[in-house]
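Visitor: Structure file input33.cif (mmCIF, C-alpha atoms (C1' of nucleotides)) right here:
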data_work
loop_
_atom_site.label_atom_id
_atom_site.label_comp_id
_atom_site.auth_asym_id
_atom_site.auth_seq_id
_atom_site.Cartn_x
_atom_site.Cartn_y
_atom_site.Cartn_z
CA MET A 1 8.43 9.43 -10.36
CA LYS A 2 8.33 6.62 -12.88
CA ARG A 3 12.09 6.72 -13.08
CA GLU A 4 12.26 6.64 -9.29
CA LEU A 5 10.20 3.48 -9.14
CA ARG A 6 12.37 1.77 -11.72
CA LYS A 7 15.50 2.91 -9.97
CA ALA A 8 14.11 1.53 -6.72
CA TYR A 9 13.97 -1.88 -8.35
CA ARG A 10 17.60 -1.74 -9.41
CA LEU A 11 18.62 -0.80 -5.88
CA MET A 12 16.59 -3.54 -4.25
CA ARG A 13 17.72 -6.08 -6.81
CA ARG A 14 21.35 -5.19 -6.16
CA GLU A 15 20.78 -5.78 -2.46
CA PHE A 16 18.73 -8.98 -2.55
CA GLY A 17 19.32 -10.52 -5.95
CA HIS A 18 16.42 -12.00 -7.88
CA ARG A 19 14.03 -13.31 -5.24
CA ASN A 20 12.66 -16.12 -7.36
CA TRP A 21 9.35 -15.93 -5.61
CA TRP A 22 6.48 -17.00 -4.82
CA PRO A 23 6.86 -19.70 -2.22
CA GLY A 24 4.67 -22.55 -3.39
CA ASP A 25 5.28 -25.74 -5.33
CA THR A 26 2.15 -25.59 -7.49
CA PRO A 27 -0.30 -22.93 -8.69
CA PHE A 28 -2.92 -24.39 -6.38
CA GLU A 29 -0.62 -24.17 -3.40
CA ILE A 30 0.07 -20.55 -4.28
CA CYS A 31 -3.65 -19.81 -4.25
CA VAL A 32 -4.10 -21.50 -0.89
CA GLY A 33 -1.15 -19.55 0.47
CA ALA A 34 -2.62 -16.31 -0.85
CA ILE A 35 -5.75 -16.83 1.22
CA LEU A 36 -3.94 -18.09 4.31
CA THR A 37 -1.54 -15.16 4.44
CA GLN A 38 -4.26 -12.53 4.73
CA ASN A 39 -3.16 -10.21 7.52
CA THR A 40 -0.84 -12.94 8.75
CA SER A 41 2.89 -13.50 8.72
CA TRP A 42 4.18 -15.97 6.18
CA LYS A 43 5.84 -17.99 8.92
CA ASN A 44 2.46 -19.01 10.29
CA VAL A 45 1.22 -19.81 6.81
CA GLU A 46 4.18 -22.14 6.21
CA SER A 47 3.22 -24.17 9.19
CA ALA A 48 -0.40 -24.41 8.07
CA ILE A 49 0.71 -25.47 4.58
CA ALA A 50 2.98 -28.06 6.15
CA ASN A 51 -0.01 -29.47 8.02
CA LEU A 52 -1.98 -29.74 4.79
CA LYS A 53 0.91 -31.48 3.08
CA ALA A 54 1.48 -33.87 5.96
CA ALA A 55 -2.21 -34.78 5.83
CA HIS A 56 -1.90 -35.20 2.06
CA VAL A 57 -4.84 -32.91 1.41
CA LEU A 58 -3.21 -30.06 -0.47
CA THR A 59 -5.22 -30.63 -3.62
CA LEU A 60 -8.41 -29.15 -4.91
CA ARG A 61 -10.43 -32.34 -4.59
CA LYS A 62 -9.14 -33.24 -1.15
CA ILE A 63 -9.85 -29.85 0.34
CA HIS A 64 -13.24 -29.90 -1.28
CA ALA A 65 -13.96 -33.17 0.52
CA LEU A 66 -12.84 -32.06 3.98
CA SER A 67 -15.31 -31.00 6.63
CA HIS A 68 -15.12 -27.47 7.93
CA ASP A 69 -13.69 -28.57 11.25
CA GLU A 70 -11.05 -30.82 9.74
CA LEU A 71 -9.88 -28.04 7.48
CA ALA A 72 -10.01 -25.41 10.21
CA GLN A 73 -7.87 -27.50 12.55
CA LEU A 74 -5.25 -28.16 9.88
CA ILE A 75 -4.83 -24.48 9.08
CA ARG A 76 -5.03 -23.37 12.69
CA PRO A 77 -1.47 -21.98 12.85
CA ALA A 78 -2.33 -19.45 10.15
CA GLY A 79 -4.79 -17.70 12.47
CA TYR A 80 -8.40 -16.72 11.71
CA PHE A 81 -8.79 -20.40 11.00
CA ASN A 82 -12.58 -20.46 10.93
CA VAL A 83 -12.76 -17.53 8.55
CA LYS A 84 -10.01 -18.90 6.34
CA ALA A 85 -11.49 -22.39 6.26
CA ARG A 86 -14.69 -20.82 4.92
CA ARG A 87 -12.74 -18.79 2.37
CA LEU A 88 -10.74 -21.77 1.16
CA ARG A 89 -13.97 -23.70 0.77
CA ALA A 90 -15.55 -20.86 -1.18
CA PHE A 91 -12.53 -20.88 -3.47
CA VAL A 92 -12.49 -24.62 -4.14
CA ASP A 93 -16.27 -24.75 -4.37
CA THR A 94 -16.17 -22.14 -7.11
CA LEU A 95 -13.48 -24.07 -8.94
CA VAL A 96 -15.41 -27.30 -8.77
CA GLU A 97 -18.83 -25.86 -9.52
CA GLN A 98 -17.94 -23.29 -12.15
CA HIS A 99 -14.61 -24.25 -13.69
CA GLY A 100 -14.59 -28.01 -13.92
CA ALA A 101 -12.26 -28.33 -10.94
CA SER A 102 -9.51 -26.84 -13.08
CA LEU A 103 -7.33 -23.94 -11.99
CA LYS A 104 -6.16 -23.65 -15.56
CA ARG A 105 -9.69 -22.98 -16.74
CA LEU A 106 -10.28 -20.43 -14.01
CA PHE A 107 -7.37 -18.41 -15.38
CA ILE A 108 -8.46 -18.51 -19.02
CA GLY A 109 -9.53 -15.14 -20.37
CA ASN A 110 -8.27 -11.60 -20.26
CA THR A 111 -6.88 -10.36 -16.99
CA THR A 112 -9.76 -8.02 -16.19
CA THR A 113 -12.33 -10.76 -16.66
CA VAL A 114 -10.46 -13.30 -14.57
CA ARG A 115 -9.88 -10.71 -11.86
CA GLU A 116 -13.62 -10.03 -11.65
CA ARG A 117 -14.18 -13.75 -11.47
CA LEU A 118 -11.84 -14.02 -8.49
CA LEU A 119 -13.20 -10.96 -6.71
CA ALA A 120 -16.67 -12.48 -6.89
CA ILE A 121 -15.51 -15.26 -4.57
CA ASN A 122 -16.26 -14.49 -0.95
CA GLY A 123 -12.97 -14.01 0.87
CA VAL A 124 -10.97 -13.01 -2.18
CA GLY A 125 -10.20 -9.31 -2.23
CA PRO A 126 -7.90 -7.25 -4.46
CA GLU A 127 -4.58 -8.38 -3.01
CA THR A 128 -5.50 -12.04 -2.87
CA ALA A 129 -6.86 -11.92 -6.41
CA ASP A 130 -3.80 -10.16 -7.78
CA SER A 131 -1.45 -12.57 -6.00
CA MET A 132 -3.26 -15.50 -7.56
CA LEU A 133 -3.30 -13.82 -10.97
CA LEU A 134 0.35 -12.82 -10.97
CA TYR A 135 1.99 -15.79 -9.30
CA ALA A 136 -0.34 -18.69 -10.07
CA GLY A 137 -2.08 -17.57 -13.24
CA GLY A 138 0.69 -15.86 -15.14
CA HIS A 139 -1.43 -12.73 -15.57
CA HIS A 140 0.05 -9.25 -15.54
CA SER A 141 -1.67 -7.94 -12.42
CA PHE A 142 0.50 -5.96 -10.04
CA VAL A 143 0.17 -6.90 -6.37
CA ILE A 144 -0.22 -4.16 -3.76
CA ASP A 145 0.07 -4.89 -0.06
CA ALA A 146 0.70 -3.22 3.28
CA TYR A 147 4.45 -3.15 2.57
CA THR A 148 3.93 -1.45 -0.76
CA LYS A 149 1.79 1.24 0.82
CA ARG A 150 4.15 1.83 3.70
CA ILE A 151 7.28 1.98 1.57
CA PHE A 152 5.69 4.21 -1.08
CA GLU A 153 4.32 6.56 1.50
CA ARG A 154 7.60 6.79 3.33
CA HIS A 155 9.35 7.75 0.12
CA GLY A 156 6.75 10.26 -0.91
CA TRP A 157 5.59 8.21 -3.90
CA CYS A 158 2.01 8.29 -2.70
CA GLY A 159 -0.07 10.05 -0.10
CA ASN A 160 -1.56 8.61 3.02
CA ASP A 161 -4.93 8.50 1.28
CA ALA A 162 -3.82 6.35 -1.66
CA ASP A 163 -6.05 3.31 -1.91
CA TYR A 164 -5.37 -0.06 -3.52
CA ASP A 165 -6.44 0.93 -7.01
CA ALA A 166 -4.46 4.17 -6.95
CA LEU A 167 -1.28 2.37 -5.92
CA GLN A 168 -1.83 -0.32 -8.50
CA SER A 169 -2.32 2.23 -11.27
CA LEU A 170 0.82 4.00 -10.19
CA CYS A 171 2.84 0.79 -10.38
CA THR A 172 1.26 -0.42 -13.59
CA ASP A 173 1.81 2.90 -15.34
CA SER A 174 5.38 3.23 -14.11
CA LEU A 175 6.63 -0.30 -14.60
CA ASN A 176 5.18 -1.19 -17.99
CA GLN A 177 8.29 -0.62 -20.07
CA LYS A 178 8.85 -4.32 -20.60
CA ARG A 179 6.80 -6.84 -22.54
CA GLY A 180 5.47 -10.36 -22.16
CA ALA A 181 7.30 -12.80 -19.96
CA GLU A 182 9.86 -10.20 -19.11
CA GLU A 183 7.26 -7.89 -17.64
CA LEU A 184 5.64 -10.79 -15.79
CA ASP A 185 8.94 -11.64 -14.16
CA TYR A 186 9.60 -7.97 -13.44
CA TRP A 187 6.28 -7.47 -11.66
CA ARG A 188 6.63 -10.70 -9.73
CA ASP A 189 10.10 -9.85 -8.56
CA TYR A 190 9.27 -6.21 -7.88
CA HIS A 191 6.62 -7.20 -5.35
CA ALA A 192 8.96 -9.81 -3.90
CA GLN A 193 11.64 -7.16 -3.45
CA LEU A 194 9.20 -4.86 -1.65
CA VAL A 195 8.32 -7.68 0.72
CA ALA A 196 12.01 -8.20 1.41
CA ILE A 197 12.45 -4.51 2.15
CA GLY A 198 9.37 -4.53 4.35
CA ASN A 199 10.46 -7.55 6.34
CA ARG A 200 13.98 -6.31 6.74
CA TYR A 201 13.90 -2.54 7.02
CA CYS A 202 10.59 -0.78 6.66
CA LYS A 203 8.69 -1.77 9.79
CA PRO A 204 5.77 0.40 10.94
CA ARG A 205 7.42 2.05 13.89
CA ASN A 206 11.04 1.73 12.90
CA PRO A 207 13.00 4.79 12.00
CA LEU A 208 15.33 4.47 9.05
CA CYS A 209 18.26 2.32 9.92
CA GLY A 210 20.74 3.68 7.43
CA GLN A 211 21.02 0.27 5.79
CA CYS A 212 18.00 0.25 3.54
CA PRO A 213 18.99 0.29 -0.13
CA LEU A 214 16.13 2.69 -0.89
CA GLU A 215 17.47 5.28 1.49
CA SER A 216 19.17 7.21 -1.28
CA LEU A 217 15.76 7.84 -2.86
CA LEU A 218 14.30 9.59 0.15
CA PRO A 219 13.08 13.09 -0.63
CA ASN A 220 14.48 14.45 2.60
CA GLN A 221 17.18 12.74 4.61
CA THR A 222 16.14 14.46 7.83
CA CYS A 223 12.72 12.89 7.65
CA THR A 224 13.22 9.61 9.40
CA ARG A 225 9.81 8.49 10.53
CA ASP A 226 6.49 7.41 9.08
CA GLU A 227 4.38 9.56 11.29
CA GLN A 228 5.51 13.04 10.43
CA SER A 229 2.14 14.73 10.63
"C1'" DT B 1 4.00 -8.09 27.77
"C1'" DG B 2 1.76 -5.98 24.16
"C1'" DC B 3 2.05 -5.23 19.46
"C1'" DC B 4 2.24 -6.79 14.98
"C1'" DA B 5 1.75 -9.73 10.68
"C1'" DG B 6 1.74 -9.78 2.72
"C1'" DG B 7 -6.95 -8.69 4.33
"C1'" DC B 8 -11.55 -9.03 3.87
"C1'" DC B 9 -16.34 -9.04 5.11
"C1'" DG B 10 -20.67 -7.40 7.05
"C1'" DG B 11 -23.31 -4.21 9.50
"C1'" DG B 12 -24.00 0.36 10.90
"C1'" DT B 13 -24.07 5.30 9.95
"C1'" DA C 1 -19.53 6.17 0.44
"C1'" DC C 2 -16.94 5.57 4.53
"C1'" DC C 3 -16.05 3.53 9.18
"C1'" DC C 4 -15.47 -0.08 12.30
"C1'" DG C 5 -15.44 -4.46 14.83
"C1'" DG C 6 -14.43 -9.13 14.22
"C1'" DC C 7 -11.50 -12.79 13.12
"C1'" DA C 8 -6.70 -15.80 16.02
"C1'" DT C 9 -2.10 -17.73 15.98
"C1'" DG C 10 2.91 -17.27 16.74
"C1'" DG C 11 7.18 -14.33 17.01
"C1'" DC C 12 9.72 -10.74 18.95
#
Translate the structure described by the file into structure tokens.

Guide:
Amino acid sequence: MKRELRKAYRLMRREFGHRNWWPGDTPFEICVGAILTQNTSWKNVESAIANLKAAHVLTLRKIHALSHDELAQLIRPAGYFNVKARRLRAFVDTLVEQHGASLKRLFIGNTTTVRERLLAINGVGPETADSMLLYAGGHHSFVIDAYTKRIFERHGWCGNDADYDALQSLCTDSLNQKRGAEELDYWRDYHAQLVAIGNRYCKPRNPLCGQCPLESLLPNQTCTRDEQS
DNA sequence: TGCCAGGCCGGGT
DNA sequence: ACCCGGCATGGC
């Protein structure tokens, strides 16, 4: 199993090259993107981010100063704009009130502590927290998402009942052969590769297309659909 | 046209 | 401890 997961990376990497992810010019922008992309396609998030940039408000202080309605309208293309405006505010409020308006300070400490800190913010769940930790904070915290679950389940690497923590443990325990910056890059790119696979090949209702680089890892070539049971 | 997208929260059992 | 409805736009 562990070997399978590492082999999967080599196959994806061969197909896509190093993804050099996450889209975002600054750590703060990455955090904003992490909240905006909740249950939403990245395309819509790009347009919301573009609005924030065009309005020159993509900074901690500026967002902090915006009214709810101003913020909500700017991020409208990302969907759930009222909810997400509230969540962005909760995030920047916490930064300002508890961490001296400094992202850097938010990320100081061991990964477990910082993760708890993030999860305590209303609107920041496991995936959002791990995305911030891994891509903005430089912490070794593996990101699990809907793609990860779908791909792992399809390949028999987890059951239908696997929850976030189970999948994260699986990844962490299987992909921890490297150290330091090398592992950080590995985990960042691994998740990026899964997203690429998910966007390209592993859609919910799509059968296998015969093109997916992970196809050779399937336990049973005759099993071509998600919903077998 | 309906279904889906890189979740998370709050209220009800 | 689960289960579920709600949240909303844009792309195919």

Visitor: Only residues of chain A matter here; which ones have an atom within 7 Å of chain B, counting all atoms listed in the file? Give them as number ranges by chain.

Guide: A: 37-41, 123, 125, 145-146

Visitor: Here's the selection I'm unsure about, the PyMOL selection byres ((chain C) within 6 of (chain A)); applied to the file above, which residues does it give, as JSON, numbers by chain?

Guide: {"C": [7, 8, 9]}

Visitor: Could you please determine the separation between atom CA of A:Cys202 and atom CA of A:Arg150 in Å, to one decimal place?

Guide: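 Straight-line distance from atom CA of A:Cys202 to atom CA of A:Arg150 works out to 7.6 Å.
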
Visitor: How far is it from atom CA of A:Gly33 to atom CA of A:Arg87, in Å with one decimal?

Guide: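 Taking atom CA of A:Gly33 as the start and atom CA of A:Arg87 as the end point, the length is 11.8 Å.
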
Visitor: Hey, can you check how far atom CA of A:Ile63 sits from atom CA of A:Pro126?

Guide: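 Those two atoms sit 23.2 Å apart.
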
Visitor: Just say which residues the PyMOL selection byres ((chain A and resi 99-103) around 10) picks in this file, as JSON, numbers by chain.

Guide: {"A": [27, 28, 31, 60, 61, 64, 92, 93, 94, 95, 96, 97, 98, 104, 105, 106, 107, 108, 136, 137]}

Visitor: Using the chain letters and numbers from the file, give me the residues hit by the PyMOL selection byres ((chain A and resi 70) around 12), as a PyMOL selection string.

Guide: chain A and resi 51-52+55+57+62-69+71-76+81-82+85-86+89

Visitor: Suppose we keep C-alpha atoms; can you now write the selection as a PDB file, in the coordinates of the input?

Guide:
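And here's again-v5.pdb as it stands now:
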ATOM      1  CA  ASN A  51      -0.010 -29.470   8.020  1.00  0.00           C
ATOM      2  CA  LEU A  52      -1.980 -29.740   4.790  1.00  0.00           C
ATOM      3  CA  ALA A  55      -2.210 -34.780   5.830  1.00  0.00           C
ATOM      4  CA  VAL A  57      -4.840 -32.910   1.410  1.00  0.00           C
ATOM      5  CA  LYS A  62      -9.140 -33.240  -1.150  1.00  0.00           C
ATOM      6  CA  ILE A  63      -9.850 -29.850   0.340  1.00  0.00           C
ATOM      7  CA  HIS A  64     -13.240 -29.900  -1.280  1.00  0.00           C
ATOM      8  CA  ALA A  65     -13.960 -33.170   0.520  1.00  0.00           C
ATOM      9  CA  LEU A  66     -12.840 -32.060   3.980  1.00  0.00           C
ATOM     10  CA  SER A  67     -15.310 -31.000   6.630  1.00  0.00           C
ATOM     11  CA  HIS A  68     -15.120 -27.470   7.930  1.00  0.00           C
ATOM     12  CA  ASP A  69     -13.690 -28.570  11.250  1.00  0.00           C
ATOM     13  CA  LEU A  71      -9.880 -28.040   7.480  1.00  0.00           C
ATOM     14  CA  ALA A  72     -10.010 -25.410  10.210  1.00  0.00           C
ATOM     15  CA  GLN A  73      -7.870 -27.500  12.550  1.00  0.00           C
ATOM     16  CA  LEU A  74      -5.250 -28.160   9.880  1.00  0.00           C
ATOM     17  CA  ILE A  75      -4.830 -24.480   9.080  1.00  0.00           C
ATOM     18  CA  ARG A  76      -5.030 -23.370  12.690  1.00  0.00           C
ATOM     19  CA  PHE A  81      -8.790 -20.400  11.000  1.00  0.00           C
ATOM     20  CA  ASN A  82     -12.580 -20.460  10.930  1.00  0.00           C
ATOM     21  CA  ALA A  85     -11.490 -22.390   6.260  1.00  0.00           C
ATOM     22  CA  ARG A  86     -14.690 -20.820   4.920  1.00  0.00           C
ATOM     23  CA  ARG A  89     -13.970 -23.700   0.770  1.00  0.00           C
TER      24      ARG A  89
END

Visitor: List every protein, DNA or RNA residue that has an atom no more than 10 Å from (8.6, 3.2, -8.9) in the file's coordinate frame, counting only C-alpha atoms (C1' of nucleotides), and report them as a PDB file with C-alpha atoms, in the coordinates of the input.

Guide:
ATOM      1  CA  MET A   1       8.430   9.430 -10.360  1.00  0.00           C
ATOM      2  CA  LYS A   2       8.330   6.620 -12.880  1.00  0.00           C
ATOM      3  CA  ARG A   3      12.090   6.720 -13.080  1.00  0.00           C
ATOM      4  CA  GLU A   4      12.260   6.640  -9.290  1.00  0.00           C
ATOM      5  CA  LEU A   5      10.200   3.480  -9.140  1.00  0.00           C
ATOM      6  CA  ARG A   6      12.370   1.770 -11.720  1.00  0.00           C
ATOM      7  CA  LYS A   7      15.500   2.910  -9.970  1.00  0.00           C
ATOM      8  CA  ALA A   8      14.110   1.530  -6.720  1.00  0.00           C
ATOM      9  CA  TYR A   9      13.970  -1.880  -8.350  1.00  0.00           C
ATOM     10  CA  PHE A 152       5.690   4.210  -1.080  1.00  0.00           C
ATOM     11  CA  TRP A 157       5.590   8.210  -3.900  1.00  0.00           C
ATOM     12  CA  LEU A 170       0.820   4.000 -10.190  1.00  0.00           C
ATOM     13  CA  CYS A 171       2.840   0.790 -10.380  1.00  0.00           C
ATOM     14  CA  THR A 172       1.260  -0.420 -13.590  1.00  0.00           C
ATOM     15  CA  ASP A 173       1.810   2.900 -15.340  1.00  0.00           C
ATOM     16  CA  SER A 174       5.380   3.230 -14.110  1.00  0.00           C
ATOM     17  CA  LEU A 175       6.630  -0.300 -14.600  1.00  0.00           C
ATOM     18  CA  TYR A 190       9.270  -6.210  -7.880  1.00  0.00           C
TER      19      TYR A 190
END
